[in-house]
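J.: Structure file query-v2.cif, mmCIF, C-alpha atoms, is pasted below:
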```cif
data_run
#
loop_
_atom_site.group_PDB
_atom_site.id
_atom_site.type_symbol
_atom_site.label_atom_id
_atom_site.label_comp_id
_atom_site.auth_asym_id
_atom_site.auth_seq_id
_atom_site.Cartn_x
_atom_site.Cartn_y
_atom_site.Cartn_z
ATOM 1 C CA MET M 1 85.392 19.897 12.173
ATOM 2 C CA GLY M 2 85.064 22.581 9.497
ATOM 3 C CA TYR M 3 81.535 23.545 10.618
ATOM 4 C CA LEU M 4 82.619 24.104 14.223
ATOM 5 C CA ARG M 5 85.524 26.257 13.115
ATOM 6 C CA TYR M 6 83.249 28.419 10.934
ATOM 7 C CA THR M 7 80.649 28.708 13.722
ATOM 8 C CA ALA M 8 83.320 29.855 16.187
ATOM 9 C CA LEU M 9 84.693 32.317 13.624
ATOM 10 C CA PHE M 10 81.174 33.652 12.952
ATOM 11 C CA SER M 11 80.640 34.180 16.704
ATOM 12 C CA LYS M 12 83.958 36.021 17.068
ATOM 13 C CA ILE M 13 83.321 38.278 14.078
ATOM 14 C CA PHE M 14 79.697 39.095 14.843
ATOM 15 C CA GLY M 15 79.997 38.918 18.612
ATOM 16 C CA GLY M 16 77.228 36.512 19.384
ATOM 17 C CA LYS M 17 75.069 33.636 18.385
ATOM 18 C CA ASP M 18 74.542 32.399 14.877
ATOM 19 C CA MET M 19 71.076 32.289 13.328
ATOM 20 C CA ALA M 20 70.383 28.739 14.526
ATOM 21 C CA GLN M 21 71.262 29.681 18.113
ATOM 22 C CA GLN M 22 69.396 33.006 18.242
ATOM 23 C CA ASP M 23 67.500 33.360 21.546
ATOM 24 C CA THR M 24 63.837 33.921 20.717
ATOM 25 C CA SER M 25 62.507 33.475 24.272
ATOM 26 C CA LYS M 26 62.792 37.211 25.002
ATOM 27 C CA ARG M 27 61.168 38.325 21.734
ATOM 28 C CA VAL M 28 57.557 39.485 21.979
ATOM 29 C CA SER M 29 55.084 37.243 20.149
ATOM 30 C CA VAL M 30 52.802 38.736 17.495
ATOM 31 C CA GLN M 31 49.954 36.797 19.118
ATOM 32 C CA ASP M 32 50.676 38.590 22.435
ATOM 33 C CA VAL M 33 50.644 41.967 20.666
ATOM 34 C CA LEU M 34 47.289 41.163 19.057
ATOM 35 C CA ALA M 35 45.860 39.983 22.391
ATOM 36 C CA GLN M 36 47.109 43.116 24.210
ATOM 37 C CA GLN M 37 45.459 45.319 21.586
ATOM 38 C CA GLY M 38 42.273 43.203 21.569
ATOM 39 C CA ILE M 39 42.693 42.445 17.852
ATOM 40 C CA ARG M 40 42.020 39.179 16.038
ATOM 41 C CA THR M 41 42.078 40.302 12.425
ATOM 42 C CA SER M 42 40.985 43.385 10.554
ATOM 43 C CA SER M 43 39.406 43.307 7.119
ATOM 44 C CA GLY M 44 40.705 46.693 5.998
ATOM 45 C CA LYS M 45 39.105 48.741 3.249
ATOM 46 C CA ALA M 46 36.800 46.768 0.974
ATOM 47 C CA GLY M 47 37.535 48.944 -2.030
ATOM 48 C CA ASP M 48 35.229 49.627 -4.901
ATOM 49 C CA SER M 49 33.173 46.708 -6.140
ATOM 50 C CA LYS M 50 33.601 45.597 -9.736
ATOM 51 C CA SER M 51 30.002 46.629 -10.346
ATOM 52 C CA THR M 52 30.681 50.188 -9.144
ATOM 53 C CA ILE M 53 33.900 50.470 -11.135
ATOM 54 C CA THR M 54 32.337 49.152 -14.337
ATOM 55 C CA ALA M 55 29.306 51.441 -14.017
ATOM 56 C CA GLY M 56 31.526 54.485 -14.480
ATOM 57 C CA LEU M 57 33.815 52.973 -17.105
ATOM 58 C CA ALA M 58 31.028 51.418 -19.207
ATOM 59 C CA GLY M 59 29.678 54.868 -20.071
ATOM 60 C CA ALA M 60 33.114 56.081 -21.104
ATOM 61 C CA ALA M 61 33.552 52.999 -23.324
ATOM 62 C CA ASP M 62 30.026 53.467 -24.747
ATOM 63 C CA MET M 63 29.085 49.926 -23.641
ATOM 64 C CA ASP M 64 26.235 48.399 -21.680
ATOM 65 C CA LYS M 65 27.165 48.033 -17.999
ATOM 66 C CA SER M 66 26.555 44.257 -17.918
ATOM 67 C CA ASP M 67 28.583 43.688 -21.114
ATOM 68 C CA PHE M 68 31.463 45.728 -19.724
ATOM 69 C CA LEU M 69 31.338 43.860 -16.376
ATOM 70 C CA GLY M 70 31.411 40.566 -18.287
ATOM 71 C CA ALA M 71 34.473 41.699 -20.244
ATOM 72 C CA VAL M 72 36.217 42.746 -17.010
ATOM 73 C CA LEU M 73 35.510 39.384 -15.349
ATOM 74 C CA VAL M 74 36.639 37.409 -18.415
ATOM 75 C CA GLY M 75 39.810 39.521 -18.646
ATOM 76 C CA GLU M 76 40.567 38.968 -14.961
ATOM 77 C CA GLN M 77 40.132 35.196 -15.206
ATOM 78 C CA LEU M 78 42.149 35.055 -18.423
ATOM 79 C CA GLY M 79 44.988 36.986 -16.758
ATOM 80 C CA LYS M 80 44.951 34.649 -13.749
ATOM 81 C CA SER M 81 44.898 31.526 -15.923
ATOM 82 C CA MET M 82 47.875 32.861 -17.884
ATOM 83 C CA GLY M 83 49.732 33.470 -14.620
ATOM 84 C CA LEU M 84 49.866 37.251 -15.001
ATOM 85 C CA SER M 85 50.576 39.184 -11.831
ATOM 86 C CA SER M 86 52.087 42.418 -10.675
ATOM 87 C CA LYS M 87 54.623 41.857 -7.880
ATOM 88 C CA LYS M 88 56.562 44.473 -5.935
ATOM 89 C CA GLU M 89 58.915 44.343 -2.963
ATOM 90 C CA VAL M 90 60.128 47.046 -0.574
ATOM 91 C CA THR M 91 62.687 46.732 2.251
ATOM 92 C CA ARG M 92 62.984 49.193 5.103
ATOM 93 C CA HIS M 93 65.394 49.230 8.061
ATOM 94 C CA PHE M 94 64.230 50.616 11.418
ATOM 95 C CA ARG M 95 66.617 51.566 14.208
ATOM 96 C CA ASP M 96 63.819 50.853 16.683
ATOM 97 C CA PRO M 97 63.742 47.566 18.597
ATOM 98 C CA TYR M 98 61.665 44.694 17.244
ATOM 99 C CA ASP M 99 58.819 44.936 19.785
ATOM 100 C CA ILE M 100 58.159 48.619 18.959
ATOM 101 C CA VAL M 101 58.229 48.040 15.197
ATOM 102 C CA LEU M 102 55.962 44.999 15.490
ATOM 103 C CA ARG M 103 53.390 46.933 17.562
ATOM 104 C CA ALA M 104 53.549 49.844 15.111
ATOM 105 C CA MET M 105 53.129 47.480 12.126
ATOM 106 C CA VAL M 106 50.069 45.830 13.701
ATOM 107 C CA MET M 107 48.509 49.232 14.390
ATOM 108 C CA ALA M 108 49.332 50.559 10.913
ATOM 109 C CA MET M 109 47.808 47.543 9.214
ATOM 110 C CA THR M 110 44.681 47.215 11.361
ATOM 111 C CA THR M 111 43.808 50.900 11.080
ATOM 112 C CA GLY M 112 44.764 51.238 7.409
ATOM 113 C CA ASP M 113 43.389 50.129 4.065
ATOM 114 C CA THR M 114 45.184 46.755 4.017
ATOM 115 C CA GLY M 115 43.796 45.361 7.221
ATOM 116 C CA LEU M 116 45.428 42.364 8.872
ATOM 117 C CA SER M 117 44.168 39.033 7.574
ATOM 118 C CA ALA M 118 46.778 36.774 9.246
ATOM 119 C CA ALA M 119 49.778 37.003 11.572
ATOM 120 C CA THR M 120 52.267 34.403 12.737
ATOM 121 C CA ASP M 121 55.586 34.250 14.539
ATOM 122 C CA THR M 122 58.632 33.107 12.578
ATOM 123 C CA ARG M 123 62.165 32.084 13.543
ATOM 124 C CA ARG M 124 63.441 35.628 12.982
ATOM 125 C CA GLY M 125 60.349 37.639 13.930
ATOM 126 C CA ALA M 126 56.828 37.703 12.499
ATOM 127 C CA MET M 127 54.898 37.540 9.226
ATOM 128 C CA LEU M 128 51.904 39.870 8.785
ATOM 129 C CA MET M 129 49.465 39.557 5.876
ATOM 130 C CA GLY M 130 46.754 41.852 4.535
ATOM 131 C CA ASN M 131 44.783 42.787 1.435
ATOM 132 C CA MET M 132 44.892 45.581 -1.133
ATOM 133 C CA PRO M 133 41.459 46.883 -2.099
ATOM 134 C CA SER M 134 40.281 47.083 -5.707
ATOM 135 C CA ASP M 135 40.103 50.483 -7.342
ATOM 136 C CA ILE M 136 39.513 51.990 -10.753
ATOM 137 C CA LEU M 137 43.076 51.249 -11.907
ATOM 138 C CA SER M 138 43.593 47.736 -10.584
ATOM 139 C CA LEU M 139 42.197 44.580 -9.054
ATOM 140 C CA GLY M 140 42.632 43.831 -5.381
ATOM 141 C CA GLY M 141 45.680 41.947 -4.172
ATOM 142 C CA LYS M 142 47.638 40.662 -1.202
ATOM 143 C CA VAL M 143 50.420 42.162 0.894
ATOM 144 C CA GLU M 144 52.725 40.498 3.355
ATOM 145 C CA PHE M 145 55.405 41.871 5.634
ATOM 146 C CA ASP M 146 58.298 39.894 7.085
ATOM 147 C CA VAL M 147 59.313 41.696 10.299
ATOM 148 C CA MET M 148 62.809 40.571 11.324
ATOM 149 C CA ASP M 149 64.493 41.094 14.682
ATOM 150 C CA LEU M 150 68.119 42.156 14.114
ATOM 151 C CA GLY M 151 68.864 42.535 17.830
ATOM 152 C CA GLU M 152 71.012 45.585 18.564
ATOM 153 C CA ASP M 153 70.927 46.537 14.866
ATOM 154 C CA GLY M 154 67.190 47.265 15.000
ATOM 155 C CA THR M 155 64.496 45.733 12.832
ATOM 156 C CA GLU M 156 64.187 45.046 9.129
ATOM 157 C CA VAL M 157 60.852 44.803 7.341
ATOM 158 C CA ILE M 158 60.489 43.289 3.876
ATOM 159 C CA GLY M 159 57.122 43.962 2.305
ATOM 160 C CA ALA M 160 55.809 42.190 -0.788
ATOM 161 C CA SER M 161 52.653 42.782 -2.809
ATOM 162 C CA GLU M 162 50.968 40.735 -5.514
ATOM 163 C CA ILE M 163 47.986 41.496 -7.711
ATOM 164 C CA LYS M 164 46.997 38.405 -9.680
ATOM 165 C CA GLY M 165 45.345 38.685 -13.063
ATOM 166 C CA GLN M 166 47.047 41.811 -14.350
ATOM 167 C CA MET M 167 50.567 42.619 -15.386
ATOM 168 C CA PHE M 168 50.596 46.356 -14.587
ATOM 169 C CA ALA M 169 49.158 47.930 -11.438
ATOM 170 C CA TRP M 170 50.272 51.515 -12.134
ATOM 171 C CA GLY M 171 52.407 51.653 -8.972
ATOM 172 C CA LYS M 172 49.646 50.513 -6.617
ATOM 173 C CA GLY M 173 51.676 47.712 -4.990
ATOM 174 C CA LYS M 174 54.692 49.863 -4.202
ATOM 175 C CA ARG M 175 52.520 52.766 -2.994
ATOM 176 C CA THR M 176 50.603 50.437 -0.669
ATOM 177 C CA LEU M 177 53.766 48.894 0.792
ATOM 178 C CA ASN M 178 55.427 52.282 1.325
ATOM 179 C CA GLY M 179 52.206 53.671 2.817
ATOM 180 C CA VAL M 180 52.104 50.941 5.488
ATOM 181 C CA LEU M 181 55.828 51.359 6.230
ATOM 182 C CA ASP M 182 55.541 55.165 6.424
ATOM 183 C CA GLU M 183 52.656 54.823 8.884
ATOM 184 C CA THR M 184 54.694 52.282 10.867
ATOM 185 C CA GLU M 185 57.579 54.774 11.137
ATOM 186 C CA ARG M 186 55.175 57.481 12.287
ATOM 187 C CA MET M 187 53.615 55.234 14.940
ATOM 188 C CA ALA M 188 56.970 53.831 16.101
ATOM 189 C CA ARG M 189 58.113 57.372 16.953
ATOM 190 C CA ARG M 190 55.138 57.663 19.329
ATOM 191 C CA LEU M 191 55.560 54.312 21.107
#
```
Rewrite the structure of this file - the entire thing - as structure tokens.
T.:
Amino acid sequence: MGYLRYTALFSKIFGGKDMAQQDTSKRVSVQDVLAQQGIRTSSGKAGDSKSTITAGLAGAADMDKSDFLGAVLVGEQLGKSMGLSSKKEVTRHFRDPYDIVLRAMVMAMTTGDTGLSAATDTRRGAMLMGNMPSDILSLGGKVEFDVMDLGEDGTEVIGASEIKGQMFAWGKGKRTLNGVLDETERMARRL
């Protein structure tokens, strides 16, 4: 009896259906967006290889290139085995409807450095995943964006990044997330 009362109260206050009753039949599928754009996945920017990065840094450290590369690889594995990682999260609210934001996110990721390694529909919207390339300051990592349909209130996107094997990424995760979201805003204005 209590549950029904709270559900009715929720509907009166928020003027609609609760989360369990949300109508998803009218929401565009991320798979449909990918098919319309002719996209399966996109690898994104490969980034600098460890060999290229260590070639430049080995000279500065006055070490042999192969010794320096070995130290980098051992350090990376040690950091991963110790569970070190750099994690960041960014949330952005869009006034645009879900279908426009989703299309803009797909375009921003497939044309940008992160690429689009996986995409799936969720109960509230879609989950998009990509990669962060390696560079001179940090290892490569993963990004994922939870794109949530808020109905008349627009769309909310929560982006998360993780670089395993190092504790500090010198702002790379947050810059990458904001870069994708900034490009999404720019593209959404044009759709």
J.: Stretch 180-190 of chain M: which residues within 10 Å, counting all atoms listed in the file, same-chain residues fewer than 4 positions away excluded, as a ChimeraX atom specification?
T.: /M:90-94,96-97,99-109,111-114,145,157-159,175-176
J.: Nearest residue to M:Met132 out of M:Ala119, M:Ala169, M:Val30, M:Val147, using all atoms listed in the file?
T.: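 Under the stated criterion, the closest residue is M:Ala169.
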J.: How far is it from atom CA of M:Ser86 to atom CA of M:Lys164, in Å with one decimal?
T.: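 Rounded to one decimal, the two atoms are 6.6 Å apart.
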J.: Exactly which residues make up the result of the PyMOL selection byres ((chain M and resi 137) around 10) on this file, given as a ChimeraX atom specification?
T.: /M:53,134-136,138-140,168-172
J.: Can you tell me how far atom CA of M:Ser117 sits from atom CA of M:Ser43, in Å to one decimal?
T.: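 Distance between the two atoms: 6.4 Å.
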J.: What gap, in Å, lies between atom CA of M:Gly173 and atom CA of M:Lys87?
T.: 7.2 Å
J.: Name the residues in contact with M:Leu116 at a cut-off of 7 Å, using all atoms listed in the file, excluding same-chain residues fewer than 3 positions from it; report them as number ranges by chain.
T.: M: 41-43, 109-110, 128-130
J.: Point out the residue among M:Gly44, M:Gly141, M:Pro133, M:Gly125 with the least atom-to-atom distance to M:Gly154, counting only C-alpha atoms.
T.: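 The closest residue to M:Gly154 is M:Gly125.
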J.: For the structure provided, state which residues fall under the PyMOL selection byres ((chain M and resi 31) around 8), and present them as a list in words.
T.: Ser29, Val30, Asp32, Val33, Leu34, Ala35, Ala119, Thr120 and Asp121 of chain M
J.: Just checking: using all atoms listed in the file, which residue out of M:Met127, M:Lys142, M:Lys88, M:Leu191 ends up closest to M:Met167?
T.: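 Going through M:Met127, M:Lys142, M:Lys88, M:Leu191 one by one, the smallest distance to M:Met167 is for M:Lys88.
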J.: Starting from the displayed file, determine the output of the PyMOL selection byres ((chain M and resi 149) around 6) and express the residue list as JSON, numbers by chain.
T.: {"M": [98, 124, 125, 148, 150, 151, 155]}
